[in-house]
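Note: the block below is coords_23.txt and it holds compact mmCIF, C-alpha atoms.
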# COMPACT_ATOMS: atom_id res chain seq x y z
CA MET A 1 68.14 28.63 79.70
CA ARG A 2 67.82 25.91 77.04
CA PRO A 3 63.96 25.90 77.03
CA PHE A 4 64.02 29.68 76.34
CA ILE A 5 66.29 29.29 73.33
CA ALA A 6 64.28 26.34 72.03
CA ARG A 7 60.96 28.17 72.32
CA ALA A 8 62.42 31.38 70.91
CA ALA A 9 63.87 29.55 67.93
CA ALA A 10 60.52 27.82 67.36
CA LEU A 11 58.72 31.17 67.36
CA VAL A 12 61.19 32.74 64.96
CA LEU A 13 61.10 29.77 62.60
CA SER A 14 57.32 29.66 62.51
CA GLY A 15 57.30 33.36 61.69
CA ALA A 16 59.82 32.80 58.92
CA PHE A 17 57.74 30.01 57.39
CA GLY A 18 54.76 32.32 57.49
CA LEU A 19 56.60 34.72 55.19
CA VAL A 20 57.60 31.99 52.76
CA GLY A 21 54.02 31.31 51.71
CA LEU A 22 53.89 33.99 49.00
CA PRO A 23 50.98 34.11 46.54
CA ALA A 24 51.54 32.84 43.01
CA ALA A 25 51.85 35.38 40.19
CA ALA A 26 48.49 37.10 39.97
CA VAL A 27 48.93 37.90 36.30
CA GLU A 28 49.28 34.94 33.97
CA VAL A 29 48.27 34.58 30.37
CA GLY A 30 44.67 33.42 30.22
CA ASN A 31 43.74 34.66 33.68
CA VAL A 32 41.58 37.63 34.52
CA PRO A 33 43.87 40.33 35.94
CA PRO A 34 43.11 42.08 39.25
CA SER A 35 40.69 44.96 38.92
CA PHE A 36 41.64 48.42 40.10
CA GLU A 37 40.08 51.79 40.68
CA LEU A 38 42.52 54.68 40.80
CA GLY A 39 42.54 58.42 40.45
CA GLY A 40 43.31 59.76 37.01
CA ARG A 41 43.84 63.13 35.40
CA VAL A 42 40.10 63.56 34.84
CA GLY A 43 38.11 61.42 37.22
CA ALA A 44 38.58 57.81 38.26
CA VAL A 45 40.25 55.14 36.12
CA LYS A 46 38.68 51.72 36.59
CA LEU A 47 39.61 48.54 34.77
CA SER A 48 35.91 47.72 34.58
CA ASN A 49 35.40 50.80 32.38
CA TYR A 50 37.36 49.10 29.63
CA THR A 51 35.45 45.83 29.23
CA GLY A 52 35.10 44.93 25.59
CA LYS A 53 38.24 46.85 24.68
CA THR A 54 41.76 45.65 24.20
CA VAL A 55 43.73 47.26 27.01
CA TYR A 56 47.44 47.95 26.91
CA LEU A 57 48.11 48.40 30.61
CA ASP A 58 51.49 49.91 31.38
CA PHE A 59 53.18 50.47 34.74
CA TRP A 60 55.53 53.46 34.65
CA ALA A 61 57.39 55.87 36.89
CA SER A 62 59.22 59.17 36.41
CA TRP A 63 62.52 57.61 37.45
CA CYS A 64 62.35 54.84 34.88
CA GLY A 65 64.49 55.55 31.80
CA PRO A 66 62.79 53.20 29.35
CA CYS A 67 59.42 54.71 30.31
CA LYS A 68 60.52 57.94 28.69
CA GLN A 69 61.12 56.02 25.48
CA SER A 70 57.84 54.15 25.71
CA PHE A 71 55.59 57.19 26.01
CA PRO A 72 55.95 58.44 22.41
CA TRP A 73 55.43 54.87 21.26
CA MET A 74 52.29 54.51 23.39
CA ASN A 75 51.01 57.80 21.99
CA ASP A 76 51.58 56.36 18.53
CA MET A 77 49.68 53.18 19.39
CA HIS A 78 46.84 55.22 20.84
CA THR A 79 46.60 57.41 17.76
CA ARG A 80 46.63 54.54 15.34
CA TYR A 81 44.57 51.88 17.08
CA ALA A 82 42.13 53.68 19.40
CA ALA A 83 39.47 53.61 16.71
CA GLN A 84 39.94 49.85 16.38
CA GLY A 85 39.28 49.24 20.06
CA LEU A 86 42.64 49.74 21.75
CA SER A 87 42.76 51.53 25.10
CA VAL A 88 46.15 52.50 26.47
CA VAL A 89 46.11 52.86 30.25
CA ALA A 90 49.32 53.79 32.05
CA ILE A 91 49.50 53.45 35.84
CA ASN A 92 52.04 55.68 37.53
CA VAL A 93 53.75 54.31 40.63
CA ASP A 94 55.65 57.42 41.73
CA GLN A 95 55.39 58.05 45.44
CA LYS A 96 55.48 61.80 44.85
CA ALA A 97 52.87 63.27 42.55
CA ASP A 98 55.19 66.13 41.55
CA ASP A 99 57.65 63.71 39.96
CA ALA A 100 54.92 62.22 37.81
CA GLN A 101 53.65 65.65 36.74
CA ALA A 102 57.16 66.80 35.81
CA PHE A 103 57.59 63.69 33.68
CA LEU A 104 54.25 64.24 31.95
CA ARG A 105 55.21 67.80 31.11
CA LYS A 106 58.29 66.55 29.30
CA ALA A 107 56.62 63.49 27.77
CA PRO A 108 52.97 64.37 27.18
CA ALA A 109 50.53 61.48 27.08
CA HIS A 110 47.34 61.42 25.04
CA PHE A 111 46.18 58.19 26.63
CA ASP A 112 44.67 57.49 30.07
CA ILE A 113 46.90 57.90 33.08
CA ALA A 114 46.14 56.58 36.56
CA PHE A 115 48.05 57.27 39.73
CA ASP A 116 48.90 54.66 42.34
CA PRO A 117 51.34 56.13 44.86
CA THR A 118 50.70 53.38 47.42
CA GLY A 119 51.86 50.62 45.09
CA GLN A 120 48.81 48.40 45.63
CA THR A 121 48.18 47.77 41.94
CA PRO A 122 51.74 46.79 40.92
CA LYS A 123 51.79 44.52 43.95
CA ALA A 124 48.52 42.86 42.92
CA TYR A 125 49.95 42.42 39.42
CA ALA A 126 53.22 41.03 40.82
CA ILE A 127 55.32 43.38 38.70
CA LYS A 128 58.90 42.18 38.34
CA ALA A 129 60.48 45.06 36.44
CA MET A 130 59.85 48.63 35.45
CA PRO A 131 58.24 49.21 33.06
CA THR A 132 55.90 46.26 32.69
CA SER A 133 53.02 46.13 30.26
CA VAL A 134 50.06 43.79 30.35
CA LEU A 135 47.96 43.28 27.23
CA ILE A 136 44.36 42.45 28.15
CA GLY A 137 41.97 41.18 25.54
CA PRO A 138 38.35 42.26 25.01
CA ASP A 139 37.23 39.22 27.00
CA GLY A 140 39.05 40.62 30.03
CA LYS A 141 41.76 37.96 30.05
CA VAL A 142 45.50 38.57 29.94
CA LEU A 143 46.99 38.01 26.51
CA SER A 144 50.61 38.78 27.31
CA VAL A 145 52.90 40.33 29.90
CA HIS A 146 56.04 42.18 28.88
CA SER A 147 58.83 43.41 31.15
CA GLY A 148 61.00 46.32 30.15
CA PHE A 149 60.93 48.43 27.01
CA LYS A 150 63.75 48.29 24.49
CA ASP A 151 63.97 49.40 20.88
CA GLN A 152 63.54 45.88 19.58
CA ASP A 153 60.39 45.45 21.68
CA ARG A 154 58.41 48.02 19.71
CA ASN A 155 57.62 45.80 16.77
CA VAL A 156 56.92 42.77 18.91
CA LEU A 157 54.49 44.69 21.11
CA GLU A 158 52.78 46.30 18.15
CA GLN A 159 52.37 42.89 16.55
CA GLN A 160 50.73 41.60 19.72
CA ILE A 161 48.36 44.56 19.75
CA ARG A 162 47.45 44.06 16.11
CA GLN A 163 46.84 40.40 16.73
CA ALA A 164 44.60 41.16 19.68
CA LEU A 165 42.55 43.64 17.70
CA ARG A 166 42.07 41.25 14.78
CA LEU A 167 40.94 38.48 17.09
CA GLN A 168 37.88 40.48 18.05
CA MET B 1 54.40 32.69 82.41
CA LYS B 2 57.78 34.27 83.08
CA SER B 3 59.57 31.72 80.94
CA LEU B 4 57.13 32.42 78.08
CA LEU B 5 57.92 36.13 78.29
CA TRP B 6 61.63 35.38 78.22
CA SER B 7 61.07 33.13 75.23
CA LEU B 8 59.20 35.88 73.39
CA LEU B 9 61.98 38.35 74.14
CA ALA B 10 64.60 35.93 72.93
CA ALA B 11 62.50 35.28 69.79
CA GLY B 12 62.31 39.01 69.13
CA LEU B 13 66.05 39.42 69.51
CA LEU B 14 66.78 36.40 67.31
CA GLY B 15 64.41 37.69 64.65
CA SER B 16 65.96 41.14 64.68
CA LEU B 17 69.35 39.59 63.97
CA ALA B 18 68.25 39.39 60.33
CA GLY B 19 67.98 43.16 60.36
CA CYS B 20 66.41 44.88 57.40
CA SER B 21 66.23 41.69 55.36
CA THR B 22 63.11 40.80 57.35
CA THR B 23 61.21 43.47 55.44
CA GLY B 24 61.70 41.53 52.20
CA PRO B 25 63.36 42.52 48.93
CA VAL B 26 62.80 45.90 47.34
CA GLN B 27 60.03 45.59 44.76
CA ALA B 28 60.44 46.88 41.22
CA TRP B 29 58.05 49.80 41.74
CA GLU B 30 59.78 50.87 44.96
CA LYS B 31 63.14 51.54 43.32
CA GLY B 32 62.60 55.27 42.88
CA ASN B 33 65.32 56.27 45.33
CA LEU B 34 67.71 53.64 44.00
CA ALA B 35 67.33 55.06 40.51
CA LYS B 36 68.73 58.46 41.55
CA PRO B 37 72.12 59.24 39.98
CA GLY B 38 73.74 59.59 43.41
CA MET B 39 72.82 56.00 44.27
CA ALA B 40 74.85 54.47 41.45
CA MET B 41 78.04 52.72 42.50
CA ASP B 42 80.00 54.02 39.53
CA ALA B 43 80.07 57.30 37.69
CA ASP B 44 78.79 56.51 34.23
CA PRO B 45 76.39 53.72 33.27
CA LEU B 46 78.03 53.14 29.90
CA ASP B 47 81.44 53.04 31.55
CA GLN B 48 80.04 50.66 34.14
CA ARG B 49 78.79 48.29 31.45
CA PHE B 50 82.07 48.50 29.57
CA MET B 51 84.13 47.66 32.67
CA GLN B 52 81.76 44.85 33.61
CA HIS B 53 82.12 43.35 30.15
CA ILE B 54 85.91 43.48 30.44
CA TYR B 55 85.85 41.86 33.87
CA THR B 56 83.60 39.05 32.79
CA SER B 57 85.55 38.35 29.61
CA LYS B 58 88.98 38.55 31.26
CA GLU B 59 88.19 36.75 34.47
CA ASN B 60 85.83 34.29 32.83
CA SER B 61 83.55 34.58 35.82
CA THR B 62 79.79 34.55 35.57
CA GLY B 63 78.14 37.92 35.15
CA GLY B 64 77.00 39.28 38.48
CA SER B 65 76.51 42.98 37.93
CA GLY B 66 72.83 42.74 38.71
CA VAL B 67 70.95 45.78 37.48
CA GLY B 68 73.86 47.57 35.86
CA GLY B 69 73.35 51.25 35.20
CA GLY B 70 69.59 51.15 35.46
CA GLY B 71 68.30 51.12 38.98
CA CYS B 72 64.84 50.24 37.80
CA GLY B 73 65.43 46.56 36.98
CA CYS B 74 64.84 47.31 33.32
CA ASN B 75 68.11 46.19 31.70
For this file, produce the structure as structure tokens.
Amino acid sequence: MRPFIARAAALVLSGAFGLVGLPAAAVEVGNVPPSFELGGRVGAVKLSNYTGKTVYLDFWASWCGPCKQSFPWMNDMHTRYAAQGLSVVAINVDQKADDAQAFLRKAPAHFDIAFDPTGQTPKAYAIKAMPTSVLIGPDGKVLSVHSGFKDQDRNVLEQQIRQALRLQ
Amino acid sequence: MKSLLWSLLAAGLLGSLAGCSTTGPVQAWEKGNLAKPGMAMDADPLDQRFMQHIYTSKENSTGGSGVGGGGCGCN
């Protein structure tokens, strides 16, 4: 009996240690973020399409309250800074496409939207909260990562965008 | 051979003792169902925050409300 328990415990423990080896955060300031290719509203949305531009990459979902607040702000950023090289790309992580479409009808977006129902992209980006935005510079490297969206974040985020655009 | 099979069975049973925690924590982008109003523990998020503030200030215990009225890990 004892050898069974010992071997069983060894197997379970080795499996548990296998799970502990998690990858480090894939998105850190100064690193190149993972590339993605997702379906959008008109054709594919690929990170590689935006090289040379400052990308404000946002992860959103229909069930996320602060996302509703962030959409008008992102529209504003798009309107004001698109000509200066800003691209706003918002990746939706809803598992049901209908939810995302209903959200977009209530909060229309003038910027690029991509859809990732499988959750591969937020996983690759090691997203810790919803929403999360990643500011990527024209050199393709991450400038900043921001979790959440509150009223007081608007100015801070806009400042970061302005800084990124001036650094060109 | 037989003892190995018994060991594997015992390993499987021991592993399943952990239950659903073996699948790992719920990720931020998977919290769609948790964000539904019916999944909240209390009725009103503002009320929830208010009560939590009272509890933490009266009992002087560390805050432990976790997400608190959000469901999406955003607060």
Legend entry - Protein and nucleic acid residues near (46.3, 29.7, 28.9) (cut-off 10 Å, only C-alpha atoms) as a list in words: Glu28, Val29, Gly30, Asn31, Lys141, Val142 and Leu143 of chain A
Legend entry - Nearest candidate to chain B (options A:Phe4, A:Phe111, A:Trp60, A:Tyr50; using all atoms listed in the file): A:Phe4
Legend entry - Residues of chain B within 10 Å of chain A, all atoms listed in the file counted, as number ranges by chain: B: 3-16, 22-24, 27-36, 70-75
Legend entry - Contact residues around Leu165 (chain A) with only C-alpha atoms at 9 Å, ignoring same-chain residues under 2 positions, as number ranges by chain: A: 53-54, 81, 84-86, 137-138, 160-163, 167-168
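Relative to CA of Val55 (chain A), CA of Asp116 (chain A) is found at 17.8 Å.
Reported to one decimal place, the separation of CA of Gln152 (chain A) from CA of Val89 (chain A) is 21.6 Å.
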